[in-house]
Each structure stands twice: as C-alpha cells, then as structure tokens.
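To be precise, the following lines are query-v1.cif, and they hold mmCIF, C-alpha atoms and all ligand atoms.
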```cif
data_entry
#
loop_
_atom_site.label_atom_id
_atom_site.label_comp_id
_atom_site.auth_asym_id
_atom_site.auth_seq_id
_atom_site.Cartn_x
_atom_site.Cartn_y
_atom_site.Cartn_z
CA MET A 24 10.92 -9.79 54.13
CA ARG A 25 12.94 -8.05 56.80
CA ILE A 26 14.58 -4.68 57.23
CA ILE A 27 18.33 -4.23 57.46
CA LYS A 28 20.29 -1.01 57.92
CA LYS A 29 23.43 -0.10 56.04
CA GLY A 30 25.62 2.99 55.79
CA LYS A 31 25.57 4.71 52.42
CA VAL A 32 28.22 7.19 51.24
CA ASP A 33 27.40 10.17 49.07
CA LYS A 34 30.59 10.11 47.00
CA SER A 35 30.10 13.58 45.59
CA ARG A 36 30.06 15.17 49.06
CA CYS A 37 32.65 13.02 50.85
CA VAL A 38 35.88 14.88 51.67
CA ALA A 39 37.83 11.65 52.27
CA CYS A 40 38.92 12.69 55.75
CA GLY A 41 38.65 9.20 57.19
CA ALA A 42 36.77 10.13 60.36
CA CYS A 43 34.30 7.35 59.55
CA VAL A 44 37.11 4.81 59.18
CA LYS A 45 38.27 5.54 62.72
CA ALA A 46 34.74 5.51 64.10
CA CYS A 47 33.60 2.21 62.62
CA PRO A 48 33.74 -0.48 65.31
CA ILE A 49 34.19 -3.31 62.84
CA GLY A 50 36.45 -1.79 60.24
CA ALA A 51 33.87 -1.80 57.47
CA VAL A 52 34.95 1.55 55.99
CA THR A 53 37.99 2.44 53.96
CA VAL A 54 38.89 5.58 52.05
CA TRP A 55 39.37 4.59 48.46
CA LYS A 56 42.43 6.14 46.82
CA GLY A 57 42.04 9.39 48.71
CA ARG A 58 38.80 10.09 46.87
CA HIS A 59 35.87 8.96 49.00
CA ALA A 60 34.84 6.49 51.66
CA VAL A 61 33.65 3.01 50.74
CA ILE A 62 31.55 0.86 53.06
CA ASP A 63 31.77 -2.90 52.82
CA GLU A 64 28.11 -3.83 52.93
CA ASN A 65 28.87 -7.37 53.93
CA LEU A 66 30.49 -6.15 57.13
CA CYS A 67 28.42 -3.06 57.97
CA ILE A 68 26.01 -3.53 60.85
CA GLY A 69 24.27 -0.18 60.34
CA CYS A 70 25.22 1.16 63.77
CA GLY A 71 25.45 4.77 62.53
CA LYS A 72 28.75 5.64 64.22
CA CYS A 73 30.24 6.74 60.91
CA GLU A 74 27.26 8.96 60.15
CA ASN A 75 27.62 10.57 63.56
CA VAL A 76 31.22 11.68 63.06
CA CYS A 77 31.11 12.62 59.38
CA PRO A 78 31.84 16.36 59.06
CA ALA A 79 30.51 16.52 55.51
CA GLY A 80 27.16 14.87 56.14
CA SER A 81 28.00 12.42 53.40
CA ILE A 82 27.01 9.21 55.18
CA GLU A 83 23.43 8.19 55.66
CA ILE A 84 22.05 5.07 57.27
CA VAL A 85 19.47 3.62 54.97
CA ALA A 86 17.00 0.92 55.82
CA ARG A 87 16.12 -1.50 53.13
CA GLU A 88 13.98 -4.56 52.81
CA VAL A 89 15.61 -7.78 51.85
CA ARG A 90 14.35 -11.30 51.33
CA GLN A 91 14.92 -13.58 54.28
CA SER A 92 17.41 -15.70 52.38
CA ASP A 93 19.49 -12.67 51.31
CA ALA A 94 19.34 -11.23 54.79
CA GLN A 95 21.06 -14.27 56.19
CA THR A 96 24.02 -13.91 53.90
CA LEU A 97 24.22 -10.16 54.44
CA VAL A 98 23.94 -10.00 58.19
CA MET B 26 40.32 -0.97 68.32
CA ARG B 27 43.88 -1.22 69.56
CA LYS B 28 45.70 2.09 69.67
CA ARG B 29 48.78 2.44 67.53
CA TRP B 30 51.66 4.90 67.84
CA TYR B 31 50.11 7.11 65.18
CA ASP B 32 46.93 7.49 67.20
CA TYR B 33 48.90 9.73 69.55
CA LEU B 34 50.01 12.26 66.94
CA TRP B 35 47.56 14.78 68.40
CA ILE B 36 50.28 15.37 71.00
CA TRP B 37 52.45 16.72 68.19
CA SER B 38 49.85 19.40 67.38
CA ILE B 39 49.98 20.68 70.94
CA LEU B 40 53.75 20.34 71.16
CA PHE B 41 54.16 22.41 68.00
CA PHE B 42 52.39 25.41 69.51
CA ALA B 43 54.15 24.97 72.84
CA LEU B 44 57.58 24.92 71.20
CA GLY B 45 56.75 27.99 69.13
CA PHE B 46 55.69 29.79 72.26
CA PHE B 47 59.20 29.50 73.62
CA ASN B 48 61.14 29.72 70.41
CA ILE B 49 59.43 30.82 67.25
CA LEU B 50 62.01 29.10 65.05
CA PHE B 51 60.34 25.78 65.83
CA ALA B 52 57.57 26.96 63.51
CA TRP B 53 59.67 25.62 60.65
CA LEU B 54 58.81 22.11 61.85
CA GLY B 55 55.23 22.83 60.82
CA LEU B 56 56.35 22.42 57.22
CA ILE B 57 56.20 18.69 57.92
CA ASP B 58 52.42 19.05 58.14
CA PHE B 59 52.44 20.74 54.74
CA LEU B 60 54.81 18.46 52.88
CA VAL B 61 53.93 15.00 54.19
CA PRO B 62 50.25 15.12 53.13
CA LEU B 63 51.28 16.36 49.68
CA LEU B 64 53.86 13.59 49.35
CA PHE B 65 51.27 10.97 50.29
CA ALA B 66 48.88 12.39 47.70
CA ILE B 67 51.37 12.93 44.90
CA ILE B 68 53.37 9.73 45.30
CA GLY B 69 50.87 7.38 46.92
CA GLY B 70 47.67 8.81 45.45
CA ASN B 71 46.03 8.56 48.83
CA LYS B 72 44.97 10.60 51.85
CA MET B 73 46.87 8.48 54.34
CA PHE B 74 47.90 11.67 56.14
CA CYS B 75 44.30 12.70 56.84
CA ASN B 76 43.20 9.14 57.37
CA ARG B 77 45.92 8.13 59.78
CA TYR B 78 48.69 10.57 60.66
CA CYS B 79 47.20 14.05 60.94
CA GLY B 80 47.66 15.30 64.49
CA ARG B 81 45.26 18.17 64.03
CA GLY B 82 42.35 15.96 62.97
CA GLN B 83 43.10 13.75 65.96
CA LEU B 84 43.27 16.70 68.31
CA PHE B 85 39.78 17.75 67.25
CA SER B 86 38.57 14.17 67.75
CA VAL B 87 40.07 14.01 71.21
CA LEU B 88 38.79 17.44 72.33
CA GLY B 89 35.46 17.33 70.56
CA GLY B 90 34.76 13.61 70.71
CA THR B 91 36.40 12.07 73.77
CA LEU B 92 36.31 15.19 75.94
CA LYS B 93 33.01 16.38 74.45
CA PHE B 94 33.95 20.01 73.80
CA SER B 95 31.66 19.89 70.82
CA ARG B 96 27.93 20.34 70.49
CA ASN B 97 28.11 17.50 67.96
CA LYS B 98 25.47 19.14 65.80
CA LYS B 99 24.93 18.62 62.11
CA VAL B 100 27.48 20.58 60.07
CA PRO B 101 25.88 23.15 57.72
CA GLY B 102 26.04 21.83 54.20
CA TRP B 103 27.74 24.88 52.71
CA LEU B 104 30.87 24.24 54.80
CA SER B 105 31.54 21.10 52.79
CA SER B 106 30.23 22.40 49.47
CA LYS B 107 32.65 22.48 46.55
CA TRP B 108 32.61 26.26 46.13
CA PHE B 109 33.33 26.90 49.78
CA ARG B 110 36.06 24.26 50.00
CA TYR B 111 37.87 25.44 46.88
CA GLY B 112 37.22 29.08 47.73
CA PHE B 113 38.74 28.61 51.18
CA LEU B 114 41.68 26.77 49.64
CA ALA B 115 42.25 29.67 47.23
CA PHE B 116 42.04 32.17 50.08
CA PHE B 117 44.42 30.11 52.16
CA LEU B 118 46.95 29.76 49.37
CA ALA B 119 46.76 33.51 48.74
CA MET B 120 47.50 34.13 52.42
CA PHE B 121 50.33 31.62 52.28
CA GLY B 122 51.70 33.39 49.21
CA ASN B 123 51.46 36.73 50.95
CA MET B 124 53.37 35.30 53.89
CA LEU B 125 56.14 34.17 51.53
CA PHE B 126 56.13 37.62 49.92
CA GLN B 127 56.50 39.31 53.30
CA THR B 128 59.40 36.96 54.04
CA TRP B 129 61.00 37.91 50.75
CA LEU B 130 60.61 41.62 51.52
CA VAL B 131 62.44 41.10 54.79
CA ALA B 132 65.11 39.04 53.07
CA ARG B 133 65.68 41.88 50.60
CA GLY B 134 65.85 44.39 53.40
CA ALA B 135 62.81 46.27 52.12
CA ASN B 136 60.91 45.61 55.35
CA SER B 137 62.17 45.16 58.84
CA LEU B 138 61.33 42.21 61.04
CA THR B 139 58.40 42.61 63.43
CA GLU B 140 58.44 40.16 66.30
CA ALA B 141 54.71 39.54 66.39
CA ILE B 142 52.19 36.99 65.28
CA GLN B 143 49.01 37.83 63.48
CA LEU B 144 45.73 36.11 64.30
CA PHE B 145 42.94 35.83 61.73
CA TRP B 146 45.14 37.89 59.39
CA THR B 147 44.32 41.05 61.34
CA LEU B 148 44.99 40.89 65.08
CA LYS B 149 48.63 41.53 65.92
CA LEU B 150 49.98 39.94 69.09
CA PRO B 151 53.46 40.75 70.37
CA TRP B 152 55.54 37.57 70.55
CA ASP B 153 58.99 39.02 71.11
CA TRP B 154 59.93 36.70 74.00
CA ALA B 155 60.12 33.80 71.57
CA TYR B 156 62.96 35.27 69.55
CA THR B 157 66.32 36.88 70.22
CA ALA B 158 67.20 39.26 67.42
CA GLY B 159 70.18 38.22 65.39
CA MET B 160 69.99 34.48 66.13
CA VAL B 161 69.29 33.73 62.50
CA PRO B 162 68.91 35.87 59.36
CA ASP B 163 65.84 38.08 59.71
CA TRP B 164 63.89 36.37 56.93
CA VAL B 165 64.22 32.99 58.66
CA ALA B 166 62.58 34.51 61.74
CA LYS B 167 60.01 36.35 59.61
CA PHE B 168 58.91 33.09 58.01
CA SER B 169 58.64 31.53 61.47
CA PHE B 170 56.33 34.25 62.75
CA GLY B 171 54.26 34.13 59.56
CA PHE B 172 53.94 30.38 59.45
CA TYR B 173 53.17 30.07 63.15
CA SER B 174 50.45 32.71 62.70
CA LEU B 175 48.92 30.70 59.88
CA MET B 176 48.98 27.46 61.87
CA LEU B 177 47.56 29.10 64.99
CA THR B 178 44.81 30.90 63.07
CA SER B 179 43.70 27.78 61.24
CA THR B 180 43.72 25.75 64.45
CA LEU B 181 41.62 28.40 66.18
CA ILE B 182 39.10 28.34 63.32
CA GLY B 183 39.10 24.55 63.65
CA LEU B 184 38.45 24.76 67.38
CA ILE B 185 35.57 27.18 66.88
CA VAL B 186 33.81 25.00 64.32
CA MET B 187 34.58 21.95 66.46
CA ALA B 188 32.72 23.52 69.37
CA LEU B 189 29.81 24.60 67.19
CA TYR B 190 29.33 21.47 65.11
CA LYS B 191 31.05 18.10 64.94
CA PRO B 192 34.55 17.43 66.31
CA ARG B 193 36.18 17.21 62.90
CA THR B 194 34.16 19.96 61.17
CA TRP B 195 37.44 21.63 60.17
CA CYS B 196 38.29 18.61 58.01
CA ALA B 197 35.30 19.40 55.78
CA PHE B 198 37.05 22.49 54.44
CA CYS B 199 40.67 22.11 55.59
CA PRO B 200 42.87 23.42 52.75
CA MET B 201 45.29 20.50 53.07
CA GLY B 202 42.41 18.05 52.95
CA THR B 203 40.89 19.72 49.90
CA MET B 204 44.22 19.91 48.14
CA THR B 205 45.17 16.29 48.78
CA GLN B 206 41.74 15.00 47.78
CA GLY B 207 41.95 17.12 44.61
CA ILE B 208 45.35 15.64 43.76
CA CYS B 209 44.03 12.10 44.34
CA LYS B 210 41.09 12.79 42.06
CA ILE B 211 43.30 14.09 39.27
CA LYS B 212 45.58 11.08 39.68
CA ARG B 213 42.71 8.69 39.49
CA ASP B 214 41.30 10.36 36.41
CA LYS B 215 44.62 9.87 34.68
CA ASP B 216 44.91 6.30 35.83
CA GLU B 217 41.68 4.78 34.61
CA SER B 218 43.11 1.30 34.73
CA ALA B 219 42.99 1.32 38.53
CA PRO B 220 40.47 -1.21 39.82
CA LEU B 221 37.09 0.06 40.91
CA PRO B 222 36.10 -0.32 44.54
CA THR B 223 34.53 -3.68 45.22
CA ALA B 224 31.89 -2.41 47.60
CA HIS B 225 30.44 1.02 47.21
CA GLU B 226 27.57 3.30 48.23
S1 LIG A 301 27.08 2.00 60.09
FE1 LIG A 301 28.44 1.26 61.73
S2 LIG A 301 29.19 -0.69 60.93
FE2 LIG A 301 28.33 0.38 59.19
S3 LIG A 301 30.08 1.42 58.30
FE3 LIG A 301 29.10 2.87 59.69
S4 LIG A 301 30.21 2.63 61.61
FE4 LIG A 301 30.70 0.84 60.35
S1 LIG A 302 33.69 10.91 57.54
FE1 LIG A 302 32.35 11.57 55.87
S2 LIG A 302 33.59 12.95 54.65
FE2 LIG A 302 35.01 11.84 55.99
S3 LIG A 302 35.66 10.09 54.71
FE3 LIG A 302 33.90 9.41 55.91
S4 LIG A 302 32.13 9.76 54.56
FE4 LIG A 302 33.83 10.95 53.74
S1 LIG A 303 41.45 17.46 56.54
FE1 LIG A 303 43.13 18.71 57.38
S2 LIG A 303 42.90 18.62 59.61
FE2 LIG A 303 41.59 17.03 58.74
S3 LIG A 303 42.85 15.20 58.80
FE3 LIG A 303 43.19 16.13 56.78
S4 LIG A 303 44.95 17.50 56.97
FE4 LIG A 303 44.23 16.95 59.03
#
```

Could you spell out this file's structure in structure tokens?
Amino acid sequence: MRIIKKGKVDKSRCVACGACVKACPIGAVTVWKGRHAVIDENLCIGCGKCENVCPAGSIEIVAREVRQSDAQTLV
Amino acid sequence: MRKRWYDYLWIWSILFFALGFFNILFAWLGLIDFLVPLLFAIIGGNKMFCNRYCGRGQLFSVLGGTLKFSRNKKVPGWLSSKWFRYGFLAFFLAMFGNMLFQTWLVARGANSLTEAIQLFWTLKLPWDWAYTAGMVPDWVAKFSFGFYSLMLTSTLIGLIVMALYKPRTWCAFCPMGTMTQGICKIKRDKDESAPLPTAHE
C-alpha cells in the first residue's frame, strides 16, 4: 500500500469561478458546464494549488491509500 | 502556462474606472461586463466569462496573488453559503433596479440630474468634472453616474475582501457569478441528456 494525494471538489459549495483551473499547473481541472469544478484524477498530482486559491473552500486535498499496482497507473 | 490575450483583461477593469474618471459616459461600456457573462450562460450554458474573460476576477488575482495584497487566509464559509450568495444577488438586483428607476425619474423630468457618484449606496462624492451638462440627454448621464457607482462600489467591496481573505474572495458571492452559475444549473436540469462528467470529486 502507498498513499497518494488528490484534489476533491465539494460540488455543493463550488461557485464555478474557475480560479482553480487557472491555478492548476498541469491543467487537471475544468469547470463543468458552468456548474462546478471537476478534477481529472488521472492527471492530478495533489499539489494543493487549487485548494489554495479557491474562494469557496470547496476543494480539499485528500490522501488515500492505494494498492501498489493501482498507484502506478494513477500516478 | 503560456499567457493568452485574455489573460490581460484585468487591464480593462482599470481602464474602465480611469475612463469614467475623465468622462462619466464611458460607464456605459460597463454593460459589456453585464451582458457578456449572461450571454455565455444563456446561450453557451457555461461560465466562460468567469473562467476566462472576467477582468475583475483577474485584477483580484494579480493584486492579491501576484502582488500579494492579500492575507490569503481561509474565506469564512458563510460568504459562499447559498443564502448569502442569493441574498447578496437579490440585494444587488434591487439596487440595480433602483438605479434604473432613478434614471427613469430623470428621464421623465421628475428629478434633476446630480453630477455625483454614490459609494456603498450612501456616500455621495462630487464627480462633476467628468461631465459637461447638456452633452447628452440627462437620463443618459444619470445612468452613467449610477452604473459607475455600482461598479466602483462592488470593486471596492471586492478589494476589501481580497485584502482580508483570498485574492478572489469576491467571486464567492459576486452577483454575476451567482447569476450565471444559477442559469447554468437550470439549463443543465432541463437538459438531462447532457453527458455526465467523466472524472469527478
Ligand atoms: S491538486 Fe494540484 S494538480 Fe491536482 S487539481 Fe489541484 S492544482 Fe491541479
Ligand atoms: S476555485 Fe473553488 S469555487 Fe472556484 S471553481 Fe474551483 S472549486 Fe469551484
Ligand atoms: S465571479 Fe464575478 S468577479 Fe469573479 S470571475 Fe465571475 S464575474 Fe468575474
């Protein structure tokens, strides 16, 4: 097992401003149909830049355990 | 990431206030910032304006983020709560409506034109250098003063919350942001056939 970090969006709080989209260094976030942000988990490196700029506090970086084999495909 | 032309639209936000300082009639140009986001939301069903083209959001990012005029502290949760966002939107629309009403009163000749702007809906500032009486019908000038006041007041509120919390705190309860997101949500609810996001949460 190993730990990986990923951004997680609280859809009910997100104001769809797109600050996170501009902050993400690898373009892993998009705003979906003007409703809320969506993070592509396959791209996200868990750096926390989106969480830092979010004015609505609707992004959280969560650590989770994954099996070694899954981790390789995810990271 | 490479900067695109639309990453410099924050200059427009400054230019708007500068132009209105010299000639209040330029305030009419601010209607662009009202209509374009609504068009994106109503026609495109997206918040492309907020996400890409809004000069005000960018200005807060530049001042608060790049230039660090922000404490960058956690934003209090109530500022982005539903009741506050919709309540502020309602208040803002009421103030916008009142501004239109005042314009109408001047157009009808019931009120005379005052060459002043009003900050935070209370503080009156003389602004007579920016207008020469008689240039345009009085109501056209009245709308300019009213609209400029609204834009300046909301930007000042935005700057205050930028300094206190995160650069783009204003975006959490910006009436245009709330309105466009609301429109997108209604659109999506009607259009259930739209594909679900591939990656989420
Ligand atoms: S945590 Fe970093 S990589 Fe992941 S979405 Fe946020 S900014 Fe992008
Ligand atoms: S910065 Fe926060 S509120 Fe804005 S779109 Fe991203 S998750 Fe939503
Ligand atoms: S929420 Fe308001 S200030 Fe922020 S990007 Fe959208 S329109 Fe601009």

Requested in this report: Name the residues in contact with Thr53 (chain A) at a cut-off of 9 Å, using only C-alpha atoms, excluding same-chain residues fewer than 3 positions from it; report them as a list of chain:residue names.
Outcome: A:Gly41, A:Cys43, A:Val44, A:Gly50, A:His59, A:Ala60, A:Val61, A:Ile62, A:Asp63

At most 12 Å is the cut-off: for each residue in chain A with any atom that close to an atom of ligand LIG 303 (chain A), write down the nearest atom pair and the distance in Å rounded to one decimal, counting all atoms listed in the file, chain first then increasing number, as JSON lines.
```
{"residue": "A:Cys37", "atom": "CA", "partner": "A:LIG303", "partner_atom": "S1", "distance": 11.4}
{"residue": "A:Val38", "atom": "CA", "partner": "A:LIG303", "partner_atom": "S1", "distance": 7.8}
{"residue": "A:Ala39", "atom": "CA", "partner": "A:LIG303", "partner_atom": "S1", "distance": 8.1}
{"residue": "A:Cys40", "atom": "CA", "partner": "A:LIG303", "partner_atom": "S1", "distance": 5.5}
{"residue": "A:Gly41", "atom": "CA", "partner": "A:LIG303", "partner_atom": "S3", "distance": 7.5}
{"residue": "A:Ala42", "atom": "CA", "partner": "A:LIG303", "partner_atom": "S3", "distance": 8.1}
{"residue": "A:Cys43", "atom": "CA", "partner": "A:LIG303", "partner_atom": "S3", "distance": 11.6}
{"residue": "A:Val44", "atom": "CA", "partner": "A:LIG303", "partner_atom": "S3", "distance": 11.9}
{"residue": "A:Lys45", "atom": "CA", "partner": "A:LIG303", "partner_atom": "S3", "distance": 11.4}
{"residue": "A:Gly57", "atom": "CA", "partner": "A:LIG303", "partner_atom": "FE3", "distance": 10.6}
{"residue": "A:Cys77", "atom": "CA", "partner": "A:LIG303", "partner_atom": "FE2", "distance": 11.4}
{"residue": "A:Pro78", "atom": "CA", "partner": "A:LIG303", "partner_atom": "FE2", "distance": 9.8}
{"residue": "A:Ala79", "atom": "CA", "partner": "A:LIG303", "partner_atom": "S1", "distance": 11.0}
```

Query - Shell of 8 Å around Thr194 (chain B), all atoms listed in the file, local chain residues under 2 positions omitted, as a PyMOL selection string - result: (chain A and resi 78-79) or (chain B and resi 100+183+186-187+190-192+196-198)

Requested in this report: With a distance cut-off of 10 Å and all atoms listed in the file, select the neighbouring residues of region 174-179 of chain B, excluding the residue or stretch itself and same-chain residues fewer than 4 positions from it, and output the selection as a list in words.
Outcome: Ser38, Phe41, Phe42, Ala52, Gly55, Asp58, Phe117, Met120, Phe121, Met124, Ala141, Ile142, Gln143, Leu144, Phe145, Trp146, Lys149, Leu150, Phe168, Ser169, Phe170, Gly183, Leu184, Ile185, Trp195, Cys199 and Pro200 of chain B

Query - Contact residues around Ile68 (chain B) with all atoms listed in the file at 12 Å, ignoring same-chain residues under 6 positions, as a PyMOL selection string - result: (chain A and resi 56-57) or (chain B and resi 60-62+205+208-209+212)

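For Ser137 (chain B), the non-local neighbours within 10 Å, defined as residues at least 4 positions apart in the same chain or in other chains and counting only C-alpha atoms, are B:Gln127, B:Thr128, B:Leu130, B:Val131, B:Ala132, B:Arg133, B:Asp163, B:Trp164, B:Lys167.
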
Which residues are near ligand LIG 301 (chain A) in this structure, taking near to mean any atom at most 10 Å from a ligand atom and counting all atoms listed in the file? Format them as an mmCIF file with C-alpha atoms, keeping the file's coordinate frame.
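Result file is selection-v2.cif:
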```
data_model
loop_
_atom_site.group_PDB
_atom_site.id
_atom_site.type_symbol
_atom_site.label_atom_id
_atom_site.label_comp_id
_atom_site.auth_asym_id
_atom_site.auth_seq_id
_atom_site.Cartn_x
_atom_site.Cartn_y
_atom_site.Cartn_z
ATOM 1 C CA LYS A 28 20.290 -1.010 57.920
ATOM 2 C CA LYS A 29 23.430 -0.100 56.040
ATOM 3 C CA GLY A 30 25.620 2.990 55.790
ATOM 4 C CA LYS A 31 25.570 4.710 52.420
ATOM 5 C CA VAL A 32 28.220 7.190 51.240
ATOM 6 C CA CYS A 43 34.300 7.350 59.550
ATOM 7 C CA VAL A 44 37.110 4.810 59.180
ATOM 8 C CA LYS A 45 38.270 5.540 62.720
ATOM 9 C CA ALA A 46 34.740 5.510 64.100
ATOM 10 C CA CYS A 47 33.600 2.210 62.620
ATOM 11 C CA PRO A 48 33.740 -0.480 65.310
ATOM 12 C CA ILE A 49 34.190 -3.310 62.840
ATOM 13 C CA GLY A 50 36.450 -1.790 60.240
ATOM 14 C CA ALA A 51 33.870 -1.800 57.470
ATOM 15 C CA VAL A 52 34.950 1.550 55.990
ATOM 16 C CA THR A 53 37.990 2.440 53.960
ATOM 17 C CA ALA A 60 34.840 6.490 51.660
ATOM 18 C CA VAL A 61 33.650 3.010 50.740
ATOM 19 C CA ILE A 62 31.550 0.860 53.060
ATOM 20 C CA ASP A 63 31.770 -2.900 52.820
ATOM 21 C CA GLU A 64 28.110 -3.830 52.930
ATOM 22 C CA ASN A 65 28.870 -7.370 53.930
ATOM 23 C CA LEU A 66 30.490 -6.150 57.130
ATOM 24 C CA CYS A 67 28.420 -3.060 57.970
ATOM 25 C CA ILE A 68 26.010 -3.530 60.850
ATOM 26 C CA GLY A 69 24.270 -0.180 60.340
ATOM 27 C CA CYS A 70 25.220 1.160 63.770
ATOM 28 C CA GLY A 71 25.450 4.770 62.530
ATOM 29 C CA LYS A 72 28.750 5.640 64.220
ATOM 30 C CA CYS A 73 30.240 6.740 60.910
ATOM 31 C CA GLU A 74 27.260 8.960 60.150
ATOM 32 C CA ASN A 75 27.620 10.570 63.560
ATOM 33 C CA VAL A 76 31.220 11.680 63.060
ATOM 34 C CA CYS A 77 31.110 12.620 59.380
ATOM 35 C CA ILE A 82 27.010 9.210 55.180
ATOM 36 C CA GLU A 83 23.430 8.190 55.660
ATOM 37 C CA ILE A 84 22.050 5.070 57.270
ATOM 38 C CA VAL A 85 19.470 3.620 54.970
#
```

Compile the residues of chain B that lie within 10 Å of chain A, evaluated using only C-alpha atoms, and express the compilation as an mmCIF file with C-alpha atoms, in the coordinates of the input.
```cif
data_model
loop_
_atom_site.group_PDB
_atom_site.id
_atom_site.type_symbol
_atom_site.label_atom_id
_atom_site.label_comp_id
_atom_site.auth_asym_id
_atom_site.auth_seq_id
_atom_site.Cartn_x
_atom_site.Cartn_y
_atom_site.Cartn_z
ATOM 1 C CA MET B 26 40.320 -0.970 68.320
ATOM 2 C CA ASP B 32 46.930 7.490 67.200
ATOM 3 C CA PHE B 65 51.270 10.970 50.290
ATOM 4 C CA ALA B 66 48.880 12.390 47.700
ATOM 5 C CA GLY B 69 50.870 7.380 46.920
ATOM 6 C CA GLY B 70 47.670 8.810 45.450
ATOM 7 C CA ASN B 71 46.030 8.560 48.830
ATOM 8 C CA LYS B 72 44.970 10.600 51.850
ATOM 9 C CA MET B 73 46.870 8.480 54.340
ATOM 10 C CA PHE B 74 47.900 11.670 56.140
ATOM 11 C CA CYS B 75 44.300 12.700 56.840
ATOM 12 C CA ASN B 76 43.200 9.140 57.370
ATOM 13 C CA ARG B 77 45.920 8.130 59.780
ATOM 14 C CA CYS B 79 47.200 14.050 60.940
ATOM 15 C CA GLY B 82 42.350 15.960 62.970
ATOM 16 C CA GLN B 83 43.100 13.750 65.960
ATOM 17 C CA SER B 86 38.570 14.170 67.750
ATOM 18 C CA GLY B 90 34.760 13.610 70.710
ATOM 19 C CA ASN B 97 28.110 17.500 67.960
ATOM 20 C CA LYS B 98 25.470 19.140 65.800
ATOM 21 C CA LYS B 99 24.930 18.620 62.110
ATOM 22 C CA VAL B 100 27.480 20.580 60.070
ATOM 23 C CA PRO B 101 25.880 23.150 57.720
ATOM 24 C CA GLY B 102 26.040 21.830 54.200
ATOM 25 C CA TRP B 103 27.740 24.880 52.710
ATOM 26 C CA LEU B 104 30.870 24.240 54.800
ATOM 27 C CA SER B 105 31.540 21.100 52.790
ATOM 28 C CA SER B 106 30.230 22.400 49.470
ATOM 29 C CA LYS B 107 32.650 22.480 46.550
ATOM 30 C CA ARG B 110 36.060 24.260 50.000
ATOM 31 C CA MET B 187 34.580 21.950 66.460
ATOM 32 C CA TYR B 190 29.330 21.470 65.110
ATOM 33 C CA LYS B 191 31.050 18.100 64.940
ATOM 34 C CA PRO B 192 34.550 17.430 66.310
ATOM 35 C CA ARG B 193 36.180 17.210 62.900
ATOM 36 C CA THR B 194 34.160 19.960 61.170
ATOM 37 C CA TRP B 195 37.440 21.630 60.170
ATOM 38 C CA CYS B 196 38.290 18.610 58.010
ATOM 39 C CA ALA B 197 35.300 19.400 55.780
ATOM 40 C CA PHE B 198 37.050 22.490 54.440
ATOM 41 C CA CYS B 199 40.670 22.110 55.590
ATOM 42 C CA GLY B 202 42.410 18.050 52.950
ATOM 43 C CA THR B 203 40.890 19.720 49.900
ATOM 44 C CA THR B 205 45.170 16.290 48.780
ATOM 45 C CA GLN B 206 41.740 15.000 47.780
ATOM 46 C CA GLY B 207 41.950 17.120 44.610
ATOM 47 C CA ILE B 208 45.350 15.640 43.760
ATOM 48 C CA CYS B 209 44.030 12.100 44.340
ATOM 49 C CA LYS B 210 41.090 12.790 42.060
ATOM 50 C CA ILE B 211 43.300 14.090 39.270
ATOM 51 C CA LYS B 212 45.580 11.080 39.680
ATOM 52 C CA ARG B 213 42.710 8.690 39.490
ATOM 53 C CA ALA B 219 42.990 1.320 38.530
ATOM 54 C CA LEU B 221 37.090 0.060 40.910
ATOM 55 C CA PRO B 222 36.100 -0.320 44.540
ATOM 56 C CA THR B 223 34.530 -3.680 45.220
ATOM 57 C CA ALA B 224 31.890 -2.410 47.600
ATOM 58 C CA HIS B 225 30.440 1.020 47.210
ATOM 59 C CA GLU B 226 27.570 3.300 48.230
#
```

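Across the model, the gap from CA of Leu54 (chain B) to CA of Leu40 (chain B) is 10.7 Å.
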
Query - Distance in Å - CA of Gly45 (chain B) versus CA of Gly171 (chain B) - result: 11.6 Å

Would you compute, for all listed atoms of ligand LIG 302 (chain A), the axis-aligned bounding box grown by 5 Å on each side, and then report its centre and edge lengths in Å rounded to one decimal, as AutoDock Vina command-line options?
```
--center_x 33.9 --center_y 11.2 --center_z 55.6 --size_x 13.5 --size_y 13.5 --size_z 13.8
```

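Between CA of Ile49 (chain B) and CA of Thr180 (chain B) the separation is 16.7 Å.
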